[in-house]
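Asker: One file is attached below, data-v4.pdb, containing PDB, C-alpha atoms and all ligand atoms.
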ATOM      1  CA  MET T   1      -7.780  -6.362 -18.642
ATOM      2  CA  ASN T   2     -10.187  -4.199 -16.654
ATOM      3  CA  ALA T   3      -7.891  -2.377 -14.220
ATOM      4  CA  ASP T   4      -9.223   0.339 -11.932
ATOM      5  CA  LEU T   5      -6.340   1.878 -10.017
ATOM      6  CA  HIS T   6      -7.994   4.748  -8.152
ATOM      7  CA  CYS T   7     -10.998   4.664  -5.827
ATOM      8  CA  HIS T   8     -12.138   5.592  -2.327
ATOM      9  CA  SER T   9     -13.842   3.977   0.651
ATOM     10  CA  THR T  10     -15.236   5.205   3.971
ATOM     11  CA  ALA T  11     -11.628   5.179   5.229
ATOM     12  CA  SER T  12     -11.478   8.604   3.536
ATOM     13  CA  ASP T  13     -14.300  10.279   1.597
ATOM     14  CA  GLY T  14     -15.898   7.326  -0.178
ATOM     15  CA  ALA T  15     -19.497   6.359   0.570
ATOM     16  CA  LEU T  16     -18.948   2.566   0.751
ATOM     17  CA  ALA T  17     -16.911   0.447   3.145
ATOM     18  CA  PRO T  18     -13.677  -1.047   1.742
ATOM     19  CA  ALA T  19     -15.181  -4.548   1.398
ATOM     20  CA  GLN T  20     -18.230  -3.136  -0.403
ATOM     21  CA  VAL T  21     -15.996  -1.263  -2.850
ATOM     22  CA  VAL T  22     -14.040  -4.436  -3.599
ATOM     23  CA  ARG T  23     -17.171  -6.544  -4.115
ATOM     24  CA  ARG T  24     -18.734  -3.869  -6.306
ATOM     25  CA  ALA T  25     -15.597  -3.745  -8.463
ATOM     26  CA  ALA T  26     -15.573  -7.538  -8.820
ATOM     27  CA  GLU T  27     -19.263  -7.513  -9.821
ATOM     28  CA  ARG T  28     -18.443  -4.961 -12.515
ATOM     29  CA  GLY T  29     -15.683  -7.081 -14.027
ATOM     30  CA  VAL T  30     -12.651  -5.330 -12.552
ATOM     31  CA  SER T  31      -9.758  -7.791 -12.223
ATOM     32  CA  LEU T  32      -7.088  -5.443 -10.836
ATOM     33  CA  LEU T  33      -8.253  -2.902  -8.259
ATOM     34  CA  ALA T  34      -6.304  -0.319  -6.255
ATOM     35  CA  LEU T  35      -7.930   1.182  -3.180
ATOM     36  CA  THR T  36      -6.394   4.665  -2.905
ATOM     37  CA  ASP T  37      -7.933   6.509   0.027
ATOM     38  CA  HIS T  38      -6.796  10.066   0.696
ATOM     39  CA  ASP T  39      -3.755  10.222   3.016
ATOM     40  CA  GLN T  40      -4.894   7.004   4.655
ATOM     41  CA  LEU T  41      -3.977   3.306   4.635
ATOM     42  CA  GLY T  42      -6.603   2.212   7.153
ATOM     43  CA  GLY T  43      -9.033   0.650   4.661
ATOM     44  CA  LEU T  44      -6.488  -1.722   3.163
ATOM     45  CA  PRO T  45      -6.721  -4.726   5.539
ATOM     46  CA  GLU T  46     -10.492  -4.991   5.050
ATOM     47  CA  ALA T  47     -10.082  -4.549   1.275
ATOM     48  CA  ARG T  48      -7.385  -7.214   1.145
ATOM     49  CA  ALA T  49      -9.577  -9.759   2.936
ATOM     50  CA  ALA T  50     -12.550  -8.989   0.693
ATOM     51  CA  ALA T  51     -10.415  -9.263  -2.441
ATOM     52  CA  ALA T  52      -9.129 -12.679  -1.393
ATOM     53  CA  ALA T  53     -12.714 -13.816  -0.834
ATOM     54  CA  CYS T  54     -13.983 -12.689  -4.241
ATOM     55  CA  GLY T  55     -10.997 -13.475  -6.436
ATOM     56  CA  ILE T  56      -9.972  -9.989  -7.520
ATOM     57  CA  GLU T  57      -6.397  -8.737  -7.318
ATOM     58  CA  LEU T  58      -6.011  -5.862  -4.875
ATOM     59  CA  VAL T  59      -3.263  -3.283  -5.227
ATOM     60  CA  GLU T  60      -2.508  -1.498  -1.971
ATOM     61  CA  GLY T  61      -2.599   2.214  -2.667
ATOM     62  CA  VAL T  62      -2.967   5.705  -1.289
ATOM     63  CA  GLU T  63      -3.702   9.155  -2.730
ATOM     64  CA  VAL T  64      -1.456  11.776  -1.141
ATOM     65  CA  SER T  65      -2.529  15.441  -0.910
ATOM     66  CA  VAL T  66       0.275  17.759  -2.043
ATOM     67  CA  THR T  67       0.607  21.527  -2.264
ATOM     68  CA  TRP T  68       2.593  22.517  -5.346
ATOM     69  CA  ARG T  69       3.065  26.227  -6.007
ATOM     70  CA  GLY T  70       0.003  26.996  -3.930
ATOM     71  CA  ILE T  71      -2.356  24.569  -5.643
ATOM     72  CA  THR T  72      -3.513  21.134  -4.488
ATOM     73  CA  VAL T  73      -2.140  18.235  -6.509
ATOM     74  CA  HIS T  74      -2.816  14.554  -5.812
ATOM     75  CA  VAL T  75      -0.216  11.799  -6.135
ATOM     76  CA  VAL T  76      -1.371   8.177  -6.102
ATOM     77  CA  GLY T  77       1.014   5.585  -4.693
ATOM     78  CA  LEU T  78       0.465   2.035  -5.956
ATOM     79  CA  ARG T  79       1.821  -1.167  -4.385
ATOM     80  CA  VAL T  80       2.996   0.676  -1.322
ATOM     81  CA  ASP T  81       3.865  -1.321   1.778
ATOM     82  CA  PRO T  82       1.155  -0.286   4.269
ATOM     83  CA  LEU T  83       3.481  -1.180   7.150
ATOM     84  CA  ASP T  84       6.222   1.235   6.047
ATOM     85  CA  ARG T  85       6.894   3.519   9.027
ATOM     86  CA  ALA T  86       8.027   6.593   7.091
ATOM     87  CA  LEU T  87       4.947   6.437   4.871
ATOM     88  CA  GLN T  88       2.663   6.012   7.879
ATOM     89  CA  ALA T  89       4.280   8.933   9.706
ATOM     90  CA  GLY T  90       4.173  11.131   6.621
ATOM     91  CA  LEU T  91       0.483  10.452   6.043
ATOM     92  CA  GLU T  92      -0.312  11.069   9.684
ATOM     93  CA  HIS T  93       1.314  14.466   9.329
ATOM     94  CA  VAL T  94      -0.654  15.238   6.136
ATOM     95  CA  ARG T  95      -3.922  14.293   7.868
ATOM     96  CA  GLY T  96      -3.093  16.428  10.863
ATOM     97  CA  GLY T  97      -4.718  19.700   9.872
ATOM     98  CA  ARG T  98      -7.999  18.344   8.520
ATOM     99  CA  ARG T  99     -10.197  18.796  11.566
ATOM    100  CA  ARG T 100      -9.061  22.373  12.147
ATOM    101  CA  ARG T 101      -9.540  23.179   8.483
ATOM    102  CA  ALA T 102     -13.038  21.680   8.622
ATOM    103  CA  GLN T 103     -13.849  23.970  11.566
ATOM    104  CA  LYS T 104     -12.763  26.923   9.458
ATOM    105  CA  ILE T 105     -14.856  25.723   6.514
ATOM    106  CA  GLY T 106     -17.809  25.498   8.913
ATOM    107  CA  GLU T 107     -17.196  29.069  10.070
ATOM    108  CA  ALA T 108     -16.863  30.308   6.495
ATOM    109  CA  LEU T 109     -20.136  28.622   5.524
ATOM    110  CA  ALA T 110     -21.848  30.070   8.609
ATOM    111  CA  ALA T 111     -20.722  33.532   7.514
ATOM    112  CA  ALA T 112     -22.448  32.767   4.195
ATOM    113  CA  GLY T 113     -25.651  31.845   6.057
ATOM    114  CA  ILE T 114     -25.277  28.057   6.245
ATOM    115  CA  GLU T 115     -25.230  26.810   9.837
ATOM    116  CA  GLY T 116     -24.111  23.472  11.259
ATOM    117  CA  GLY T 117     -21.717  22.551   8.451
ATOM    118  CA  PHE T 118     -18.840  21.412  10.637
ATOM    119  CA  GLU T 119     -21.005  19.189  12.843
ATOM    120  CA  GLY T 120     -22.885  17.915   9.790
ATOM    121  CA  ALA T 121     -19.748  17.042   7.853
ATOM    122  CA  LEU T 122     -18.132  15.437  10.892
ATOM    123  CA  ALA T 123     -21.194  13.246  11.455
ATOM    124  CA  LEU T 124     -20.890  11.937   7.890
ATOM    125  CA  ALA T 125     -17.190  11.121   8.186
ATOM    126  CA  GLU T 126     -16.606   7.597   9.434
ATOM    127  CA  ASN T 127     -13.125   8.676  10.490
ATOM    128  CA  PRO T 128     -13.216  12.202  11.972
ATOM    129  CA  ALA T 129      -9.521  12.705  11.173
ATOM    130  CA  MET T 130     -10.434  12.382   7.488
ATOM    131  CA  VAL T 131     -13.252  14.935   7.389
ATOM    132  CA  SER T 132     -13.125  16.379   3.870
ATOM    133  CA  ARG T 133     -14.871  18.768   1.549
ATOM    134  CA  THR T 134     -16.779  15.777   0.187
ATOM    135  CA  HIS T 135     -18.461  15.332   3.586
ATOM    136  CA  PHE T 136     -19.454  19.013   3.583
ATOM    137  CA  ALA T 137     -20.818  18.568   0.069
ATOM    138  CA  ARG T 138     -22.917  15.546   1.082
ATOM    139  CA  PHE T 139     -24.236  17.376   4.136
ATOM    140  CA  LEU T 140     -25.236  20.406   2.065
ATOM    141  CA  VAL T 141     -27.061  18.170  -0.424
ATOM    142  CA  GLN T 142     -28.954  16.546   2.481
ATOM    143  CA  GLN T 143     -29.856  20.045   3.694
ATOM    144  CA  GLY T 144     -31.328  20.813   0.289
ATOM    145  CA  VAL T 145     -28.809  23.593  -0.370
ATOM    146  CA  ALA T 146     -27.946  22.109  -3.777
ATOM    147  CA  GLU T 147     -29.098  19.176  -5.887
ATOM    148  CA  ASP T 148     -25.801  17.241  -5.956
ATOM    149  CA  THR T 149     -22.250  17.343  -4.605
ATOM    150  CA  ARG T 150     -20.882  18.706  -7.856
ATOM    151  CA  ALA T 151     -23.122  21.739  -7.538
ATOM    152  CA  VAL T 152     -22.076  22.277  -3.899
ATOM    153  CA  PHE T 153     -18.417  22.332  -4.899
ATOM    154  CA  LYS T 154     -19.071  24.805  -7.663
ATOM    155  CA  ARG T 155     -21.066  27.165  -5.471
ATOM    156  CA  PHE T 156     -19.288  26.861  -2.125
ATOM    157  CA  LEU T 157     -16.164  24.767  -1.840
ATOM    158  CA  VAL T 158     -13.700  25.747  -4.574
ATOM    159  CA  GLU T 159     -11.283  28.669  -4.613
ATOM    160  CA  GLY T 160     -13.079  31.999  -4.758
ATOM    161  CA  LYS T 161     -16.294  30.608  -3.197
ATOM    162  CA  PRO T 162     -17.586  31.355   0.322
ATOM    163  CA  GLY T 163     -16.716  28.000   1.950
ATOM    164  CA  TYR T 164     -13.219  27.693   0.522
ATOM    165  CA  VAL T 165     -10.387  27.597   3.047
ATOM    166  CA  PRO T 166      -6.823  27.374   1.723
ATOM    167  CA  HIS T 167      -4.737  24.598   3.213
ATOM    168  CA  GLN T 168      -1.112  23.522   3.149
ATOM    169  CA  TRP T 169      -0.668  19.802   2.409
ATOM    170  CA  CYS T 170       2.790  18.204   1.971
ATOM    171  CA  GLN T 171       5.522  18.924  -0.567
ATOM    172  CA  LEU T 172       5.626  17.011  -3.848
ATOM    173  CA  ALA T 173       9.112  15.732  -3.032
ATOM    174  CA  ASP T 174       7.874  14.393   0.342
ATOM    175  CA  ALA T 175       4.984  12.479  -1.222
ATOM    176  CA  LEU T 176       7.270  10.959  -3.858
ATOM    177  CA  ARG T 177       9.881  10.014  -1.261
ATOM    178  CA  TRP T 178       7.321   8.338   1.022
ATOM    179  CA  ILE T 179       5.764   6.391  -1.848
ATOM    180  CA  ARG T 180       9.110   5.261  -3.293
ATOM    181  CA  GLY T 181      10.470   4.498   0.164
ATOM    182  CA  ALA T 182       7.498   2.206   0.779
ATOM    183  CA  GLY T 183       8.273   0.299  -2.421
ATOM    184  CA  GLY T 184       5.460   1.968  -4.342
ATOM    185  CA  ILE T 185       5.033   3.453  -7.788
ATOM    186  CA  ALA T 186       3.978   7.120  -7.979
ATOM    187  CA  VAL T 187       1.218   8.205 -10.350
ATOM    188  CA  LEU T 188       0.171  11.807 -10.914
ATOM    189  CA  ALA T 189      -3.597  11.792 -10.381
ATOM    190  CA  HIS T 190      -6.085  13.517 -12.722
ATOM    191  CA  PRO T 191      -3.659  16.162 -14.119
ATOM    192  CA  GLY T 192      -6.458  17.776 -16.097
ATOM    193  CA  ARG T 193      -8.052  19.028 -12.875
ATOM    194  CA  TYR T 194      -5.288  21.405 -11.896
ATOM    195  CA  GLY T 195      -6.034  24.174 -14.372
ATOM    196  CA  LEU T 196      -2.332  24.581 -15.205
ATOM    197  CA  SER T 197      -0.951  26.317 -18.269
ATOM    198  CA  ALA T 198       1.033  24.140 -20.683
ATOM    199  CA  ALA T 199       4.256  25.630 -19.307
ATOM    200  CA  ALA T 200       3.339  24.991 -15.659
ATOM    201  CA  MET T 201       2.162  21.449 -16.457
ATOM    202  CA  GLY T 202       5.528  20.836 -18.125
ATOM    203  CA  GLU T 203       7.315  22.035 -15.005
ATOM    204  CA  LEU T 204       5.141  19.871 -12.766
ATOM    205  CA  LEU T 205       5.852  16.810 -14.918
ATOM    206  CA  GLU T 206       9.601  17.537 -14.929
ATOM    207  CA  GLU T 207       9.610  17.828 -11.150
ATOM    208  CA  PHE T 208       7.467  14.700 -10.829
ATOM    209  CA  LYS T 209       9.846  12.718 -13.042
ATOM    210  CA  ALA T 210      12.898  14.043 -11.233
ATOM    211  CA  GLY T 211      11.406  12.690  -7.977
ATOM    212  CA  ASP T 212      11.024   9.259  -9.578
ATOM    213  CA  GLY T 213       7.350   9.667 -10.491
ATOM    214  CA  ALA T 214       6.518   6.928 -12.980
ATOM    215  CA  ALA T 215       3.085   7.440 -14.517
ATOM    216  CA  ILE T 216       0.192   9.815 -15.036
ATOM    217  CA  GLU T 217      -3.510   9.128 -15.037
ATOM    218  CA  THR T 218      -4.798   9.689 -18.523
ATOM    219  CA  VAL T 219      -8.101   7.838 -18.219
ATOM    220  CA  THR T 220      -9.821   9.072 -15.051
ATOM    221  CA  GLY T 221     -13.364   9.959 -14.101
ATOM    222  CA  SER T 222     -12.469  13.641 -14.059
ATOM    223  CA  HIS T 223     -11.071  13.843 -17.620
ATOM    224  CA  SER T 224     -12.966  14.440 -20.834
ATOM    225  CA  ARG T 225     -12.214  12.318 -23.900
ATOM    226  CA  GLY T 226     -10.141  15.192 -25.241
ATOM    227  CA  GLN T 227      -8.094  15.123 -22.043
ATOM    228  CA  TYR T 228      -7.478  11.358 -22.410
ATOM    229  CA  ARG T 229      -5.722  12.233 -25.674
ATOM    230  CA  GLU T 230      -4.036  15.387 -24.363
ATOM    231  CA  PHE T 231      -2.448  13.618 -21.399
ATOM    232  CA  SER T 232      -1.576  10.520 -23.447
ATOM    233  CA  GLU T 233       0.511  12.829 -25.632
ATOM    234  CA  LEU T 234       2.174  14.358 -22.572
ATOM    235  CA  ALA T 235       2.936  10.874 -21.190
ATOM    236  CA  ARG T 236       4.558   9.959 -24.482
ATOM    237  CA  HIS T 237       6.548  13.208 -24.534
ATOM    238  CA  TYR T 238       7.833  12.839 -20.975
ATOM    239  CA  GLY T 239       8.408   9.089 -21.182
ATOM    240  CA  LEU T 240       5.882   8.304 -18.450
ATOM    241  CA  ALA T 241       3.658   5.258 -18.143
ATOM    242  CA  VAL T 242      -0.122   5.739 -17.988
ATOM    243  CA  SER T 243      -2.802   4.727 -15.524
ATOM    244  CA  ARG T 244      -6.561   4.238 -15.506
ATOM    245  CA  GLY T 245      -8.782   4.849 -12.515
ATOM    246  CA  SER T 246     -12.401   5.784 -12.017
ATOM    247  CA  ASP T 247     -11.781   7.815  -8.823
ATOM    248  CA  PHE T 248     -15.019   6.186  -7.641
ATOM    249  CA  HIS T 249     -16.422   7.755  -4.457
ATOM    250  CA  GLY T 250     -19.858   6.155  -4.314
ATOM    251  CA  PRO T 251     -22.918   5.148  -6.313
ATOM    252  CA  ASP T 252     -24.259   8.153  -8.241
ATOM    253  CA  GLU T 253     -21.219  10.300  -7.403
ATOM    254  CA  GLY T 254     -19.127  10.503 -10.552
ATOM    255  CA  ALA T 255     -17.606   7.610 -12.485
ATOM    256  CA  GLU T 256     -18.499   3.999 -11.689
ATOM    257  CA  LEU T 257     -15.856   1.353 -10.883
ATOM    258  CA  GLY T 258     -14.318  -0.260 -13.954
ATOM    259  CA  SER T 259     -16.459   1.770 -16.334
ATOM    260  CA  LEU T 260     -13.965   3.918 -18.232
ATOM    261  CA  PRO T 261     -12.441   3.370 -21.692
ATOM    262  CA  ALA T 262      -9.150   1.529 -22.157
ATOM    263  CA  LEU T 263      -5.748   3.220 -22.086
ATOM    264  CA  GLU T 264      -4.162   4.195 -25.356
ATOM    265  CA  ALA T 265      -2.640   0.968 -26.671
ATOM    266  CA  SER T 266       0.734   2.417 -27.714
ATOM    267  CA  LEU T 267       1.605   3.604 -24.173
ATOM    268  CA  THR T 268       2.884   1.537 -21.241
ATOM    269  CA  PRO T 269       0.210   0.791 -18.620
ATOM    270  CA  VAL T 270       1.523   1.344 -15.115
ATOM    271  CA  TRP T 271       0.836  -2.324 -14.256
ATOM    272  CA  ARG T 272       3.411  -3.382 -16.882
ATOM    273  CA  LEU T 273       6.227  -1.401 -15.268
ATOM    274  CA  PRO T 274       9.018  -3.419 -13.679
ATOM    275  CA  GLY T 275       8.418  -3.618  -9.961
ATOM    276  CA  PHE T 276       4.653  -3.283 -10.179
TER     277      PHE T 276
HETATM  278  P1  LIG T 301     -10.342  17.701   0.418
HETATM  279  O1  LIG T 301      -9.211  16.718   0.374
HETATM  280  O2  LIG T 301     -11.035  17.757   1.723
HETATM  281  O3  LIG T 301      -9.931  19.051  -0.091
HETATM  282  O4  LIG T 301     -11.453  17.178  -0.573
HETATM  283  C1  LIG T 301     -11.113  16.895  -1.890
HETATM  284  C2  LIG T 301     -12.135  15.942  -2.452
HETATM  285  O5  LIG T 301     -13.288  16.661  -2.841
HETATM  286  C3  LIG T 301     -11.657  15.283  -3.727
HETATM  287  O6  LIG T 301     -10.922  14.144  -3.449
HETATM  288  C4  LIG T 301     -12.949  14.935  -4.398
HETATM  289  O7  LIG T 301     -13.463  13.762  -3.827
HETATM  290  C5  LIG T 301     -13.859  16.062  -3.990
HETATM  291  N1  LIG T 301     -13.947  17.114  -5.014
HETATM  292  C6  LIG T 301     -13.044  18.069  -5.291
HETATM  293  N2  LIG T 301     -13.486  18.885  -6.265
HETATM  294  C7  LIG T 301     -14.721  18.426  -6.601
HETATM  295  C8  LIG T 301     -15.713  18.836  -7.528
HETATM  296  N3  LIG T 301     -15.523  19.900  -8.309
HETATM  297  N4  LIG T 301     -16.862  18.125  -7.582
HETATM  298  C9  LIG T 301     -17.050  17.059  -6.782
HETATM  299  N5  LIG T 301     -16.158  16.623  -5.897
HETATM  300  C10 LIG T 301     -15.006  17.282  -5.806
HETATM  301 MN    MN T 302     -12.043  12.442  -2.716
HETATM  302 MN    MN T 303      -7.845  13.322  -6.252
HETATM  303 MN    MN T 304      -9.260  10.289  -5.639
END
Rewrite the coordinates I just gave you, this time as C-alpha cells.
Answerer:
Amino acid sequence: MNADLHCHSTASDGALAPAQVVRRAAERGVSLLALTDHDQLGGLPEARAAAAACGIELVEGVEVSVTWRGITVHVVGLRVDPLDRALQAGLEHVRGGRRRRAQKIGEALAAAGIEGGFEGALALAENPAMVSRTHFARFLVQQGVAEDTRAVFKRFLVEGKPGYVPHQWCQLADALRWIRGAGGIAVLAHPGRYGLSAAAMGELLEEFKAGDGAAIETVTGSHSRGQYREFSELARHYGLAVSRGSDFHGPDEGAELGSLPALEASLTPVWRLPGF
C-alpha cells in the first residue's frame, strides 16, 4: 500500500491548497494520505471533501511544534478528532507566538542587510497566524538572495545564522496529551533532523513512549537511506511502530507525495496499530 502520512497545505507552510494536495497524492498512487499541517487543523474539511471526491482515504492529522530541552521537535498526530476542544485550544496556544516571532526574524534579517522580510513572508502566508520560516525562505528566493529554500535555511534561518530567532513551542507531554485526548496516535516526526547524540535520542524516545507515543517516522523526506535503517533499528529496540511520510511542502520543494521507499517489512506500520 502506498501510504503517505505527513504533508502540508496552505493551511500552514505548504504551497498547495488542501484539495490540490489530496488530488496530487491520488494522481501519484497514494491510497492512504494524512494531511498534517503545522499546529493547525483548518485544512482538514477541504481535504476530507476532496478525498471523498477522488476515492483516496484521508487520515486527519496535525504536526505539533514542541520544544524539548531547548530544541524544536515535531510530533505528528494521526486520526485526531479535529473537533476535540482541548486539542484545538492547545494548538491555538502553540500558534500564538508566530506573528511576533516573524517580526523578530524580519528585524534580524534587516540587521543582516535584508529588508522587507516580515512583510514579504506575511504576504506569502495564506493564514497570517501560521507565518513560518518557510515563508521567509520562499520570499528570499523570490528576492534572488539564494537559489532555493534549502540554501536560505542554511545561510539565514537555522541556529547560529543571522535570521534565526529562538522560540518556545509547547512541551512534549502537552503535545502527546492533546493528541491522545483527541483519539489520535502520536508519531515522532523525522527524528534524524534533531542532531541528537545516541544518548539524548534514547532519552527522547523513552519520554515519548512514556507519554504514550506509538511510532516514529523512519521513511521521511528528510532522512537518508542510512537513516531509514538507523531509525528502523531504534523502533525495533524501543518497541515502536514505524511511519512513512514525504513531508511534502510543494512541487520542487523536497520529497514528492507518495514517492519514498517502503517501510522495513519486519516492523509494524503505524496504520496496522489497533485504534488506527
Ligand atoms: P517554523 O515552524 O516556522 O520554525 O518552520 C519550520 C519549517 O521550516 C519546517 O516545517 C520545514 O518546512 C522548514 N524547514 C526547516 N528546516 C529546513 C531546511 N533545512 N530546509 C528547508 N526547509 C526547512
Ligand atoms: Mn513545514
Ligand atoms: Mn517537521
Ligand atoms: Mn512536516
Asker: Counting all atoms listed in the file, I want the residues whose atoms come within 12 Å of (-16.3, 3.8, -17.4) in the file frame, returned as JSON, numbers by chain.
Answerer: {"T": [2, 3, 4, 25, 28, 29, 30, 219, 220, 221, 222, 223, 224, 225, 244, 245, 246, 247, 248, 254, 255, 256, 257, 258, 259, 260, 261, 262, 263]}
Asker: Counting only C-alpha atoms and all ligand atoms, which residues in chain T sit no more than 8 Å from ligand LIG 301 (chain T)? For each one, give the nearest pair of atoms and the distance in Å, sorted by chain then residue number, as CSV.
Answerer:
residue,atom,partner,partner_atom,distance
T:Asp13,CA,T:LIG301,O7,6.5
T:Gly14,CA,T:LIG301,O7,7.8
T:His38,CA,T:LIG301,O1,7.1
T:Ser65,CA,T:LIG301,O1,6.9
T:Arg98,CA,T:LIG301,O2,7.5
T:Met130,CA,T:LIG301,O2,7.9
T:Val131,CA,T:LIG301,O2,6.7
T:Ser132,CA,T:LIG301,O2,3.3
T:Arg133,CA,T:LIG301,O2,4.0
T:Thr134,CA,T:LIG301,O5,4.7
T:Ala137,CA,T:LIG301,N5,7.8
T:Thr149,CA,T:LIG301,C9,5.6
T:Arg150,CA,T:LIG301,N4,4.1
T:Ala151,CA,T:LIG301,N4,7.2
T:Val152,CA,T:LIG301,N4,7.6
T:Phe153,CA,T:LIG301,N3,5.1
T:Lys154,CA,T:LIG301,N3,6.1
T:Leu157,CA,T:LIG301,N2,7.8
T:Val158,CA,T:LIG301,N2,7.1
T:Asp247,CA,T:LIG301,O7,7.9
T:His249,CA,T:LIG301,O7,6.7
T:Glu253,CA,T:LIG301,C9,8.0
T:Gly254,CA,T:LIG301,C9,7.8
Asker: Residues picked by the PyMOL selection byres (((not hetatm)) within 7 of (chain T and resi 303)) here, as a list of chain:residue names?
Answerer: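 Written out, the selection comes to T:Glu63, T:His74, T:Ala189, T:His190.
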Asker: Which centre and which edge lengths, in Å to one decimal, describe the axis-aligned box that holds all listed atoms of stretch 222-238 of chain T after 6 Å is added on each side, as AutoDock Vina command-line options?
Answerer:
--center_x -2.6 --center_y 12.7 --center_z -19.9 --size_x 32.8 --size_y 17.4 --size_z 23.6
Asker: Residues at most 7 Å from stretch 201-211 of chain T, counting all atoms listed in the file, excluding those fewer than 3 positions away in the same chain, as a PyMOL selection string?
Answerer: chain T and resi 173+176+196-198+214
Asker: Choose the residue, out of T:Pro45, T:Gly250, T:Pro269, T:Gly97, that has the smallest atom-to-atom separation from ligand MN 304 (chain T); count all atoms listed in the file.
Answerer: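 Going through T:Pro45, T:Gly250, T:Pro269, T:Gly97 one by one, the smallest distance to ligand MN 304 (chain T) is for T:Gly250.
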